[in-house]
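Asks: Next comes the structure file model.txt, holding compact mmCIF, C-alpha atoms and all ligand atoms.
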```
# COMPACT_ATOMS: atom_id res chain seq x y z
CA MET A 99 175.19 138.34 82.67
CA ASN A 100 172.39 137.98 80.09
CA ILE A 101 173.55 137.79 76.49
CA LEU A 102 171.26 138.38 73.53
CA VAL A 103 172.36 136.15 70.66
CA ILE A 104 171.28 137.32 67.20
CA ASN A 105 171.44 135.37 63.95
CA CYS A 106 170.21 137.76 61.29
CA GLY A 107 169.29 136.79 57.72
CA SER A 108 167.94 138.93 54.91
CA SER A 109 164.29 138.40 55.87
CA SER A 110 164.50 136.55 59.19
CA LEU A 111 166.12 137.06 62.57
CA LYS A 112 166.62 134.33 65.16
CA PHE A 113 167.31 135.30 68.76
CA GLN A 114 168.02 133.75 72.15
CA LEU A 115 168.49 135.45 75.49
CA ILE A 116 170.99 133.34 77.45
CA ASN A 117 172.02 133.70 81.08
CA SER A 118 175.74 133.21 80.63
CA ASP A 119 176.28 132.21 84.29
CA SER A 120 173.79 129.34 84.35
CA GLU A 121 173.82 128.93 80.55
CA GLU A 122 170.03 128.71 80.63
CA VAL A 123 168.01 129.96 77.66
CA LEU A 124 165.67 132.56 79.19
CA ALA A 125 163.73 133.12 75.96
CA LYS A 126 164.08 132.46 72.26
CA GLY A 127 162.30 133.06 69.00
CA ILE A 128 162.36 134.15 65.41
CA CYS A 129 161.13 137.12 63.38
CA GLU A 130 160.00 135.97 59.95
CA ARG A 131 159.19 137.76 56.69
CA ILE A 132 160.95 140.99 57.64
CA GLY A 133 160.27 143.57 54.92
CA ILE A 134 157.64 141.28 53.37
CA GLU A 135 153.89 141.25 53.89
CA GLY A 136 152.67 138.88 56.61
CA SER A 137 155.61 139.31 58.99
CA ARG A 138 155.41 137.73 62.44
CA ILE A 139 157.42 137.07 65.56
CA VAL A 140 157.42 133.67 67.25
CA TYR A 141 158.45 134.03 70.90
CA GLN A 142 158.92 131.45 73.65
CA PRO A 143 159.97 132.22 77.23
CA GLN A 144 161.73 129.53 79.28
CA GLY A 145 159.15 126.96 80.40
CA GLY A 146 156.36 128.86 78.65
CA GLU A 147 154.19 128.38 75.59
CA LYS A 148 155.27 129.47 72.13
CA GLU A 149 153.30 132.49 70.93
CA THR A 150 153.05 133.96 67.45
CA ILE A 151 152.31 137.64 66.97
CA GLU A 152 151.56 138.99 63.51
CA SER A 153 153.01 142.47 63.29
CA PRO A 154 154.35 144.64 60.48
CA MET A 155 158.16 144.60 60.29
CA PRO A 156 159.18 146.92 57.46
CA ASN A 157 162.84 146.61 58.48
CA HIS A 158 165.24 144.90 60.89
CA THR A 159 165.17 147.79 63.38
CA GLN A 160 161.44 147.18 63.80
CA ALA A 161 162.12 143.44 64.18
CA ILE A 162 164.68 144.07 66.96
CA GLN A 163 162.20 146.47 68.60
CA LEU A 164 159.62 143.65 68.64
CA VAL A 165 162.20 141.27 70.13
CA ILE A 166 162.85 143.83 72.90
CA ASP A 167 159.10 144.33 73.44
CA SER A 168 158.61 140.56 73.76
CA LEU A 169 161.54 140.15 76.17
CA MET A 170 160.12 142.98 78.33
CA ASN A 171 156.42 142.08 77.96
CA GLU A 172 154.63 142.39 81.33
CA LYS A 173 153.12 138.90 81.22
CA THR A 174 155.49 136.73 79.19
CA GLY A 175 158.69 138.78 79.27
CA VAL A 176 161.83 137.67 81.09
CA ILE A 177 163.52 141.03 81.79
CA LYS A 178 162.28 144.34 83.17
CA SER A 179 164.71 146.73 81.48
CA LEU A 180 167.28 146.79 78.70
CA ASP A 181 169.98 147.14 81.37
CA GLU A 182 169.48 143.43 82.01
CA ILE A 183 171.05 142.67 78.60
CA GLY A 184 174.79 142.82 79.29
CA ALA A 185 175.98 142.19 75.74
CA ILE A 186 174.85 141.13 72.28
CA GLY A 187 176.53 138.34 70.30
CA HIS A 188 176.02 138.39 66.54
CA ARG A 189 176.60 135.50 64.18
CA VAL A 190 178.55 136.80 61.19
CA VAL A 191 178.91 134.41 58.27
CA HIS A 192 182.11 135.55 56.55
CA GLY A 193 185.13 137.05 58.24
CA GLY A 194 187.49 136.40 55.31
CA GLU A 195 191.14 136.28 56.36
CA LYS A 196 190.64 139.28 58.62
CA PHE A 197 189.02 137.47 61.53
CA ALA A 198 190.54 134.34 63.05
CA SER A 199 188.54 134.76 66.25
CA SER A 200 185.49 136.54 67.64
CA THR A 201 185.86 140.25 68.18
CA LEU A 202 184.22 143.28 69.77
CA LEU A 203 182.24 145.19 67.16
CA THR A 204 183.86 148.61 66.86
CA GLU A 205 183.42 150.99 63.91
CA ASP A 206 186.71 149.71 62.41
CA VAL A 207 185.57 146.10 62.74
CA LEU A 208 182.24 146.87 61.08
CA ALA A 209 184.09 148.45 58.16
CA ALA A 210 186.30 145.35 57.88
CA ILE A 211 183.23 143.07 57.89
CA GLU A 212 181.73 145.18 55.12
CA GLU A 213 184.88 144.58 53.09
CA CYS A 214 184.07 140.84 53.28
CA ASN A 215 180.60 141.38 51.75
CA ASP A 216 181.89 140.34 48.32
CA LEU A 217 182.71 136.89 49.68
CA ALA A 218 179.21 136.30 51.10
CA PRO A 219 176.86 138.68 49.28
CA LEU A 220 173.71 136.98 50.56
CA HIS A 221 174.73 136.68 54.20
CA ASN A 222 177.14 139.40 55.39
CA PRO A 223 175.03 142.43 54.41
CA ALA A 224 172.10 140.90 56.32
CA ASN A 225 174.33 140.28 59.37
CA LEU A 226 175.43 143.93 59.24
CA ILE A 227 171.84 145.15 59.02
CA GLY A 228 171.09 143.23 62.25
CA ILE A 229 174.16 144.68 63.95
CA ASN A 230 173.24 148.24 62.93
CA ALA A 231 169.63 147.77 64.08
CA CYS A 232 170.86 146.68 67.53
CA LYS A 233 173.29 149.60 67.63
CA GLU A 234 170.43 152.00 66.93
CA LEU A 235 168.21 150.65 69.70
CA MET A 236 170.84 149.71 72.30
CA PRO A 237 173.76 152.06 71.61
CA ASN A 238 175.47 151.44 74.95
CA THR A 239 175.36 147.64 74.93
CA PRO A 240 178.67 146.02 73.89
CA MET A 241 178.41 143.79 70.82
CA VAL A 242 180.59 140.92 69.63
CA GLY A 243 180.83 139.34 66.18
CA VAL A 244 181.28 135.55 66.05
CA PHE A 245 182.35 134.39 62.58
CA ASP A 246 181.38 131.12 60.86
CA THR A 247 184.75 131.14 59.12
CA ALA A 248 187.01 132.00 62.08
CA PHE A 249 187.60 128.50 63.48
CA HIS A 250 188.92 127.30 60.11
CA GLN A 251 191.52 130.06 59.79
CA THR A 252 194.07 127.62 61.27
CA MET A 253 193.99 125.50 58.09
CA PRO A 254 197.40 125.17 56.49
CA GLU A 255 197.99 126.70 53.07
CA LYS A 256 198.01 123.29 51.35
CA ALA A 257 194.42 122.76 52.56
CA TYR A 258 193.02 126.18 51.74
CA ILE A 259 194.69 126.95 48.41
CA TYR A 260 192.86 125.99 45.17
CA GLY A 261 194.57 124.67 42.05
CA LEU A 262 193.96 127.99 40.28
CA PRO A 263 196.26 130.79 39.09
CA TYR A 264 197.80 132.10 42.31
CA GLU A 265 196.96 135.68 41.34
CA TYR A 266 193.27 134.99 42.10
CA TYR A 267 194.26 134.38 45.69
CA GLN A 268 196.51 137.43 45.74
CA LYS A 269 194.02 139.75 44.07
CA TYR A 270 190.67 138.46 45.31
CA LYS A 271 191.46 136.17 48.27
CA VAL A 272 189.94 133.18 46.46
CA ARG A 273 190.66 130.27 48.82
CA ARG A 274 188.92 127.76 51.07
CA TYR A 275 187.42 129.43 54.13
CA GLY A 276 184.95 126.84 55.43
CA PHE A 277 181.78 127.49 57.40
CA HIS A 278 179.80 126.16 60.40
CA GLY A 279 182.99 127.02 62.35
CA THR A 280 181.12 127.79 65.58
CA SER A 281 179.55 124.33 65.44
CA HIS A 282 182.76 122.49 64.50
CA SER A 283 184.55 124.24 67.36
CA TYR A 284 181.79 123.56 69.93
CA VAL A 285 181.37 119.89 68.98
CA SER A 286 185.11 119.11 68.76
CA LYS A 287 185.60 120.62 72.25
CA LYS A 288 182.69 118.59 73.62
CA ALA A 289 184.27 115.45 72.15
CA THR A 290 187.21 115.86 74.51
CA GLU A 291 184.85 115.52 77.50
CA ILE A 292 183.49 112.28 76.08
CA VAL A 293 186.89 110.76 75.37
CA GLY A 294 188.58 112.22 78.43
CA LYS A 295 191.63 113.31 76.41
CA PRO A 296 192.95 116.88 76.21
CA TYR A 297 191.85 118.99 73.23
CA ASP A 298 195.44 119.61 72.17
CA SER A 299 196.17 115.92 71.63
CA LEU A 300 193.00 114.69 69.94
CA LYS A 301 192.16 113.96 66.30
CA THR A 302 188.46 114.56 65.69
CA ILE A 303 186.31 114.47 62.56
CA VAL A 304 183.12 116.47 62.99
CA CYS A 305 180.27 115.64 60.59
CA HIS A 306 177.88 118.61 60.72
CA LEU A 307 175.00 117.16 58.71
CA GLY A 308 172.05 119.54 58.52
CA ASN A 309 170.29 121.15 55.61
CA GLY A 310 173.71 122.67 54.96
CA ALA A 311 176.39 120.07 55.64
CA SER A 312 180.13 120.17 56.18
CA ILE A 313 182.89 118.03 57.66
CA SER A 314 185.99 119.18 59.45
CA ALA A 315 189.26 117.61 60.55
CA VAL A 316 190.26 119.00 63.95
CA MET A 317 193.76 118.08 65.05
CA ASN A 318 195.18 119.11 68.42
CA GLY A 319 192.41 121.69 68.85
CA LYS A 320 192.83 123.27 65.41
CA SER A 321 190.80 122.92 62.24
CA VAL A 322 193.20 121.55 59.61
CA ASP A 323 190.70 120.98 56.80
CA THR A 324 187.02 121.35 56.04
CA SER A 325 184.73 120.49 53.16
CA MET A 326 183.07 123.85 52.42
CA GLY A 327 185.15 126.29 50.44
CA LEU A 328 185.10 129.91 49.31
CA THR A 329 181.34 129.55 49.72
CA PRO A 330 179.13 126.95 51.41
CA LEU A 331 178.46 125.25 48.05
CA GLU A 332 181.50 122.96 48.06
CA GLY A 333 181.85 119.55 49.66
CA LEU A 334 179.10 117.21 50.76
CA ILE A 335 175.82 116.65 48.97
CA MET A 336 173.41 118.80 51.00
CA GLY A 337 169.67 119.39 51.33
CA THR A 338 169.46 121.52 48.18
CA ARG A 339 173.15 122.23 47.36
CA SER A 340 175.11 120.05 44.97
CA GLY A 341 178.40 119.98 46.87
CA ASP A 342 181.43 118.93 44.76
CA ILE A 343 180.82 118.61 41.02
CA ASP A 344 183.00 118.76 37.93
CA PRO A 345 183.14 122.55 37.30
CA ALA A 346 182.76 121.93 33.55
CA ILE A 347 179.20 120.67 34.19
CA MET A 348 178.19 124.29 34.61
CA GLU A 349 179.07 125.29 31.05
CA PHE A 350 177.51 122.08 29.69
CA ILE A 351 174.17 122.57 31.48
CA MET A 352 174.07 126.32 30.87
CA LYS A 353 174.27 125.70 27.12
CA LYS A 354 171.79 122.82 27.11
CA GLU A 355 169.23 124.55 29.35
CA ASN A 356 169.88 128.08 28.12
CA LEU A 357 170.67 129.31 31.62
CA ASP A 358 172.68 132.38 32.60
CA ILE A 359 175.14 132.22 35.51
CA ASP A 360 172.53 133.37 38.04
CA GLY A 361 170.18 130.64 36.87
CA MET A 362 172.94 128.04 37.12
CA MET A 363 173.94 129.14 40.62
CA ASN A 364 170.30 128.99 41.65
CA VAL A 365 170.14 125.37 40.45
CA LEU A 366 173.34 124.43 42.31
CA ASN A 367 172.29 126.15 45.56
CA LYS A 368 168.55 125.60 45.69
CA LYS A 369 167.49 122.81 43.35
CA SER A 370 170.23 120.22 43.71
CA GLY A 371 171.43 117.98 46.53
CA VAL A 372 169.14 115.45 48.11
CA GLN A 373 166.09 117.38 46.88
CA GLY A 374 167.22 117.50 43.27
CA MET A 375 168.38 113.89 43.23
CA SER A 376 165.28 112.43 44.86
CA GLY A 377 162.68 114.73 43.29
CA LEU A 378 161.09 114.74 46.76
CA THR A 379 162.27 117.29 49.34
CA SER A 380 165.47 118.22 51.12
CA ASP A 381 164.21 116.78 54.41
CA PHE A 382 165.65 113.43 55.46
CA ARG A 383 162.39 112.49 57.18
CA ASP A 384 160.76 112.55 53.73
CA ILE A 385 163.70 110.69 52.21
CA ASN A 386 163.33 107.95 54.84
CA ALA A 387 159.58 107.82 54.20
CA GLY A 388 160.30 107.60 50.45
CA ILE A 389 162.70 104.72 51.02
CA ALA A 390 160.11 102.92 53.16
CA ALA A 391 157.62 103.36 50.29
CA GLY A 392 160.07 101.85 47.80
CA ASN A 393 161.02 105.11 46.04
CA GLU A 394 164.21 104.26 44.13
CA ARG A 395 165.41 107.83 43.80
CA ALA A 396 165.09 108.34 47.55
CA VAL A 397 167.30 105.26 47.99
CA MET A 398 169.79 106.69 45.48
CA ALA A 399 169.88 110.12 47.19
CA MET A 400 170.45 108.52 50.61
CA ASP A 401 173.19 106.23 49.25
CA ALA A 402 174.99 109.06 47.44
CA PHE A 403 174.76 111.36 50.49
CA CYS A 404 176.22 108.76 52.87
CA TYR A 405 178.92 107.67 50.40
CA ARG A 406 180.11 111.28 50.04
CA VAL A 407 180.28 111.68 53.83
CA ALA A 408 182.29 108.45 54.14
CA LYS A 409 184.69 109.57 51.38
CA TYR A 410 185.40 112.83 53.22
CA VAL A 411 185.91 110.98 56.50
CA GLY A 412 188.48 108.79 54.72
CA ALA A 413 190.20 111.87 53.31
CA TYR A 414 190.45 113.47 56.73
CA VAL A 415 191.79 110.32 58.35
CA ALA A 416 194.56 110.59 55.76
CA ALA A 417 195.00 114.33 56.39
CA MET A 418 195.49 113.73 60.14
CA ASN A 419 197.20 110.33 59.83
CA GLY A 420 194.51 108.84 62.07
CA VAL A 421 191.39 109.72 64.01
CA ASP A 422 190.31 109.27 67.64
CA VAL A 423 186.70 110.46 67.49
CA ILE A 424 184.06 110.88 64.81
CA ALA A 425 181.19 113.11 65.95
CA PHE A 426 177.81 113.48 64.23
CA THR A 427 175.87 116.70 64.74
CA ALA A 428 173.12 119.02 63.33
CA GLY A 429 169.60 118.06 62.18
CA VAL A 430 170.49 114.91 60.22
CA GLY A 431 173.59 113.94 62.20
CA GLU A 432 171.78 114.18 65.54
CA ASN A 433 168.52 112.53 64.49
CA ASP A 434 169.07 110.09 61.65
CA GLY A 435 170.49 106.76 62.80
CA VAL A 436 170.14 105.37 59.27
CA VAL A 437 172.57 107.95 57.90
CA ARG A 438 175.04 107.42 60.77
CA GLY A 439 174.85 103.64 60.36
CA LYS A 440 175.33 103.76 56.59
CA VAL A 441 178.32 106.11 56.85
CA CYS A 442 179.98 103.93 59.47
CA GLU A 443 179.45 100.77 57.38
CA TYR A 444 182.22 102.15 55.15
CA LEU A 445 184.56 102.66 58.09
CA GLY A 446 185.12 99.10 59.27
CA TYR A 447 188.72 99.37 58.01
CA LEU A 448 189.34 101.86 60.84
CA GLY A 449 188.32 99.22 63.37
CA ILE A 450 184.99 100.95 63.99
CA THR A 451 182.20 98.79 65.35
CA MET A 452 178.80 100.34 65.98
CA ASP A 453 176.38 99.74 68.85
CA ALA A 454 173.13 99.38 66.89
CA GLU A 455 170.98 100.01 69.96
CA ALA A 456 172.87 103.15 70.99
CA ASN A 457 172.68 104.38 67.38
CA LYS A 458 168.90 104.70 67.73
CA VAL A 459 169.51 107.85 69.80
CA ARG A 460 167.95 111.14 68.64
CA GLY A 461 169.14 114.57 69.66
CA GLU A 462 171.15 113.44 72.68
CA GLU A 463 174.83 113.24 73.46
CA ARG A 464 175.84 109.59 73.27
CA VAL A 465 178.66 107.27 72.24
CA ILE A 466 177.25 105.04 69.48
CA SER A 467 180.27 102.78 68.90
CA THR A 468 180.96 99.67 71.00
CA PRO A 469 183.46 99.89 73.89
CA ASP A 470 186.07 97.94 71.89
CA SER A 471 185.72 100.11 68.75
CA LYS A 472 189.15 101.48 67.74
CA VAL A 473 187.62 104.90 67.03
CA LYS A 474 184.90 106.42 69.22
CA VAL A 475 181.83 107.44 67.27
CA CYS A 476 179.37 109.74 68.98
CA VAL A 477 176.36 111.98 68.59
CA ILE A 478 176.99 115.46 69.98
CA PRO A 479 174.13 117.96 69.60
CA THR A 480 175.51 121.27 68.44
CA ASN A 481 174.60 124.52 70.17
CA GLU A 482 175.79 127.47 68.12
CA GLU A 483 173.84 130.01 70.21
CA LEU A 484 175.47 128.88 73.44
CA ALA A 485 178.88 128.96 71.76
CA ILE A 486 178.20 132.54 70.60
CA ALA A 487 177.08 133.52 74.12
CA ARG A 488 180.29 132.04 75.60
CA GLU A 489 182.50 133.86 73.09
CA THR A 490 180.61 137.11 73.71
CA ARG A 491 180.92 136.83 77.46
CA ALA A 492 184.63 136.08 77.21
CA LEU A 493 185.18 139.31 75.26
CA VAL A 494 183.12 141.74 77.31
P1 LIG B 501 169.61 121.79 60.45
O1 LIG B 501 169.99 122.48 59.18
O2 LIG B 501 170.75 121.39 61.29
O3 LIG B 501 168.53 122.52 61.20
O4 LIG B 501 168.94 120.40 59.98
C1 LIG B 501 167.68 120.38 59.33
C2 LIG B 501 167.51 119.02 58.68
O5 LIG B 501 167.60 117.99 59.67
C3 LIG B 501 166.13 118.79 58.06
O6 LIG B 501 166.05 119.31 56.76
C4 LIG B 501 166.04 117.28 58.04
O7 LIG B 501 166.64 116.78 56.86
C5 LIG B 501 166.90 116.84 59.21
N1 LIG B 501 166.11 116.28 60.32
C6 LIG B 501 165.50 116.93 61.31
N2 LIG B 501 164.86 116.06 62.13
C7 LIG B 501 165.08 114.83 61.64
C8 LIG B 501 164.70 113.50 62.01
N3 LIG B 501 163.95 113.27 63.10
N4 LIG B 501 165.11 112.47 61.24
C9 LIG B 501 165.88 112.69 60.15
N5 LIG B 501 166.27 113.91 59.74
C10 LIG B 501 165.88 114.96 60.47
```
Since I need it in another form, could you write the structure as structure tokens?
Replies:
Amino acid sequence: MNILVINCGSSSLKFQLINSDSEEVLAKGICERIGIEGSRIVYQPQGGEKETIESPMPNHTQAIQLVIDSLMNEKTGVIKSLDEIGAIGHRVVHGGEKFASSTLLTEDVLAAIEECNDLAPLHNPANLIGINACKELMPNTPMVGVFDTAFHQTMPEKAYIYGLPYEYYQKYKVRRYGFHGTSHSYVSKKATEIVGKPYDSLKTIVCHLGNGASISAVMNGKSVDTSMGLTPLEGLIMGTRSGDIDPAIMEFIMKKENLDIDGMMNVLNKKSGVQGMSGLTSDFRDINAGIAAGNERAVMAMDAFCYRVAKYVGAYVAAMNGVDVIAFTAGVGENDGVVRGKVCEYLGYLGITMDAEANKVRGEERVISTPDSKVKVCVIPTNEELAIARETRALV
């Protein structure tokens, strides 16, 4: 069965058509600048060249129509009719406490997702727009929602509750939810293949280090803690997000810089993190280049980023009373051996010894600790689209 995987943002829409039997990606691409002038679709069939077509996309329905047109294009298309799409899997960012697993998208489910909009005002409405656009154009194709938060719903209360008046949880569901759940789930399952131990008896720490970054503690197949919180702002220092800070800094800076709350949130989400600290960019390739050129703030940003990751790893070793595997994934985790090496320098107390040669790996599954290391450290490329396709197939 072919599954169309959709990851819909407010002005962009990523897609992959995956054959769920062979797990091959038949075609993939992205619609950019939806609703903005200069919109375009980038499309790439399996084994073919990437092509970019400039085309007006006033809304997401038009974007999905262009995805369908590309998939069915006479020359570069990969299917002949819409009947060849057996199901659609949608990434949905926030499922609140309502969704602890993926689910078929019925009218009731869509209403429940809408009720979570408050918790992710930038993401969930965009996800729903994508779902409704697909429903309009392919009304008979079953659709599944796969939630970023679902995998972390197994966290115990002591891990998800904040030290705030309890009524905020009761009234508004203010608690830790965690994100990147599809990735943490996929990578922690893959880790079991590498270690050859069953999922339900393994302690894994997954370091998802991309532009957004989060860590999870996965014990016996269940997420027991994770670094992102009510929103993706908490936890690690990220590309442009601050991660953990003293909450009182907000009031202090707002007064000094004459910022309102929107301005402050914009600083914390878009102008902080590695970019804000270094004054360069959020991209670790630039940070590494800055370090090579002797830029002291690039060195500081790299050091602070890695130190924060190591601190969280230590916290999660405590939370699980041990760890068997530490897995690095996402753009930085898969590609940046410097980051992995620096993080693991802090972890000698766990009996971790790194294989410097193996740690040069980029974007490939590999064990990067030595055979006698007490904890296995590995690189496991994440594949959220494949995970969404698998979940979708399982439900239809
Ligand atoms: P993601 O959010 O998972 O797509 O990760 C994107 C981030 O990965 C970029 O902003 C870079 O910081 C990082 N990245 C990608 N390629 C490399 C590389 N070759 N070396 C270091 N960092 C990289």
Asks: Here is a test: counting all atoms listed in the file, which residue of A:Val459, A:Met363, A:Leu102, A:Met326 is nearest to ligand LIG 501 (chain B)?
Replies: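 Answer, going by the shortest atom-to-atom distance: A:Val459.
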Asks: So how many Å separate CA of Gly388 in chain A and atom O6 of ligand LIG 501 (chain B), to one decimal?
Replies: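 These atoms are spaced 14.5 Å apart.
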Asks: Neighbours of ligand LIG 501 (chain B) within 7 Å, counting only C-alpha atoms and all ligand atoms, as an mmCIF file with C-alpha atoms, keeping the file's coordinate frame?
Replies:
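And here is the file that came out, pocket-v3.cif:
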```
data_model
loop_
_atom_site.group_PDB
_atom_site.id
_atom_site.type_symbol
_atom_site.label_atom_id
_atom_site.label_comp_id
_atom_site.auth_asym_id
_atom_site.auth_seq_id
_atom_site.Cartn_x
_atom_site.Cartn_y
_atom_site.Cartn_z
ATOM 1 C CA LEU A 307 175.000 117.160 58.710
ATOM 2 C CA GLY A 308 172.050 119.540 58.520
ATOM 3 C CA ASN A 309 170.290 121.150 55.610
ATOM 4 C CA GLY A 310 173.710 122.670 54.960
ATOM 5 C CA GLY A 337 169.670 119.390 51.330
ATOM 6 C CA SER A 380 165.470 118.220 51.120
ATOM 7 C CA ASP A 381 164.210 116.780 54.410
ATOM 8 C CA PHE A 382 165.650 113.430 55.460
ATOM 9 C CA ARG A 383 162.390 112.490 57.180
ATOM 10 C CA ALA A 428 173.120 119.020 63.330
ATOM 11 C CA GLY A 429 169.600 118.060 62.180
ATOM 12 C CA VAL A 430 170.490 114.910 60.220
ATOM 13 C CA ASN A 433 168.520 112.530 64.490
ATOM 14 C CA ASP A 434 169.070 110.090 61.650
#
```
Asks: With all atoms listed in the file as the counted atoms, please give the residues lying no more than 8 Å from range 273-286 of chain A, apart from itself and same-chain residues fewer than 6 positions off, as a VMD selection string.
Replies: chain A and resid 191 194 244 to 251 257 to 260 267 302 to 304 306 312 314 316 319 324 to 330 425 427 478 to 482 485 to 486
Asks: So what do you get for CA of Val190 in chain A versus CA of Gly341 in chain A, distance-wise?
Replies: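 Between these atoms lies a distance of 22.1 Å.
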Asks: So, counting all atoms listed in the file, which residue among A:Glu182, A:Ile227, A:Pro469, A:Leu300 is closest to Asn419 in chain A?
Replies: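 Comparing A:Glu182, A:Ile227, A:Pro469, A:Leu300 against Asn419 in chain A, the winner is A:Leu300.
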Asks: At what distance in Å, to one decimal, does CA of Pro237 in chain A lie from CA of Pro143 in chain A?
Replies: 24.8 Å
Asks: Go ahead and find all residues with at least one atom no further than 12 Å from (178.7, 120.6, 43.8) in the file's coordinates, using only C-alpha atoms; report them as JSON, numbers by chain.
Replies: {"A": [325, 326, 327, 329, 330, 331, 332, 333, 334, 335, 336, 337, 338, 339, 340, 341, 342, 343, 344, 345, 346, 347, 348, 362, 363, 365, 366, 367, 368, 369, 370, 371, 372, 374, 406]}
Asks: Could you save the residues just selected, with C-alpha atoms, as a short mmCIF file (atom, residue, chain, number, x, y, z; two decimals), in the frame of the given file?
Replies:
```
data_model
loop_
_atom_site.label_atom_id
_atom_site.label_comp_id
_atom_site.auth_asym_id
_atom_site.auth_seq_id
_atom_site.Cartn_x
_atom_site.Cartn_y
_atom_site.Cartn_z
CA SER A 325 184.73 120.49 53.16
CA MET A 326 183.07 123.85 52.42
CA GLY A 327 185.15 126.29 50.44
CA THR A 329 181.34 129.55 49.72
CA PRO A 330 179.13 126.95 51.41
CA LEU A 331 178.46 125.25 48.05
CA GLU A 332 181.50 122.96 48.06
CA GLY A 333 181.85 119.55 49.66
CA LEU A 334 179.10 117.21 50.76
CA ILE A 335 175.82 116.65 48.97
CA MET A 336 173.41 118.80 51.00
CA GLY A 337 169.67 119.39 51.33
CA THR A 338 169.46 121.52 48.18
CA ARG A 339 173.15 122.23 47.36
CA SER A 340 175.11 120.05 44.97
CA GLY A 341 178.40 119.98 46.87
CA ASP A 342 181.43 118.93 44.76
CA ILE A 343 180.82 118.61 41.02
CA ASP A 344 183.00 118.76 37.93
CA PRO A 345 183.14 122.55 37.30
CA ALA A 346 182.76 121.93 33.55
CA ILE A 347 179.20 120.67 34.19
CA MET A 348 178.19 124.29 34.61
CA MET A 362 172.94 128.04 37.12
CA MET A 363 173.94 129.14 40.62
CA VAL A 365 170.14 125.37 40.45
CA LEU A 366 173.34 124.43 42.31
CA ASN A 367 172.29 126.15 45.56
CA LYS A 368 168.55 125.60 45.69
CA LYS A 369 167.49 122.81 43.35
CA SER A 370 170.23 120.22 43.71
CA GLY A 371 171.43 117.98 46.53
CA VAL A 372 169.14 115.45 48.11
CA GLY A 374 167.22 117.50 43.27
CA ARG A 406 180.11 111.28 50.04
#
```
Asks: Could you check the closest approach to Asn222 in chain A for each of A:Gly146, A:Thr290, A:Asn105, A:Ala416 and tell me which residue wins, using all atoms listed in the file?
Replies: A:Asn105
Asks: May I have the residues within 12 Å of Gln163 in chain A as a list of chain:residue names, using all atoms listed in the file and disregarding those fewer than 6 positions away in the same chain?
Replies: A:Leu111, A:Cys129, A:Ile139, A:Ser153, A:Pro154, A:Met155, A:Pro156, A:Asn157, A:Leu169, A:Met170, A:Asn171, A:Leu180, A:Gly228, A:Ala231, A:Cys232, A:Lys233, A:Glu234, A:Leu235, A:Met236
Asks: Emit the selected residues as a PDB file, keeping the file's coordinate frame, including C-alpha atoms.
Replies:
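The resulting file, part_7.pdb, is reproduced below:
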```pdb
ATOM      1  CA  LEU A 111     166.120 137.060  62.570  1.00  0.00           C
ATOM      2  CA  CYS A 129     161.130 137.120  63.380  1.00  0.00           C
ATOM      3  CA  ILE A 139     157.420 137.070  65.560  1.00  0.00           C
ATOM      4  CA  SER A 153     153.010 142.470  63.290  1.00  0.00           C
ATOM      5  CA  PRO A 154     154.350 144.640  60.480  1.00  0.00           C
ATOM      6  CA  MET A 155     158.160 144.600  60.290  1.00  0.00           C
ATOM      7  CA  PRO A 156     159.180 146.920  57.460  1.00  0.00           C
ATOM      8  CA  ASN A 157     162.840 146.610  58.480  1.00  0.00           C
ATOM      9  CA  LEU A 169     161.540 140.150  76.170  1.00  0.00           C
ATOM     10  CA  MET A 170     160.120 142.980  78.330  1.00  0.00           C
ATOM     11  CA  ASN A 171     156.420 142.080  77.960  1.00  0.00           C
ATOM     12  CA  LEU A 180     167.280 146.790  78.700  1.00  0.00           C
ATOM     13  CA  GLY A 228     171.090 143.230  62.250  1.00  0.00           C
ATOM     14  CA  ALA A 231     169.630 147.770  64.080  1.00  0.00           C
ATOM     15  CA  CYS A 232     170.860 146.680  67.530  1.00  0.00           C
ATOM     16  CA  LYS A 233     173.290 149.600  67.630  1.00  0.00           C
ATOM     17  CA  GLU A 234     170.430 152.000  66.930  1.00  0.00           C
ATOM     18  CA  LEU A 235     168.210 150.650  69.700  1.00  0.00           C
ATOM     19  CA  MET A 236     170.840 149.710  72.300  1.00  0.00           C
TER      20      MET A 236
END
```
Asks: Draw an axis-aligned box over all listed atoms of range 175-187 of chain A, pad each side with 3 Å, and write its centre and edge lengths in Å, one decimal, as AutoDock Vina command-line options.
Replies:
```
--center_x 167.6 --center_y 142.4 --center_z 76.7 --size_x 23.8 --size_y 15.5 --size_z 18.9
```
Asks: Which residue out of A:Asp470, A:Glu483, A:Asp358, A:Asp422 has the minimum interatomic distance to Glu121 in chain A when only C-alpha atoms are used?
Replies: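 Ranking A:Asp470, A:Glu483, A:Asp358, A:Asp422 by distance to Glu121 in chain A, first place goes to A:Glu483.
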Asks: Mind checking which residues fall within 6 Å of Val423 in chain A, counting all atoms listed in the file, ignoring those fewer than 6 positions away in the same chain, and posting them as a PyMOL selection string?
Replies: chain A and resi 302+473-475
Asks: I want to know what sits within 12 Å of Arg488 in chain A, based on all atoms listed in the file, with residues of the same chain fewer than 6 positions away left out; could you give that as a ChimeraX atom specification?
Replies: /A:99-103,116-122,185-188,200,242-244,280,284,481-482,494
Asks: Using all atoms listed in the file, which of the listed residues (A:Val272, A:Leu217, A:Ala315, A:Leu448) sits closest to Pro254 in chain A?
Replies: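 For Pro254 in chain A, the nearest of the candidates is A:Ala315.
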Asks: Which residues, written as a count of residues only, have at least one atom at most 6 Å from Ala125 in chain A, with only C-alpha atoms counted and residues fewer than 6 positions away on the same chain left out?
Replies: 5
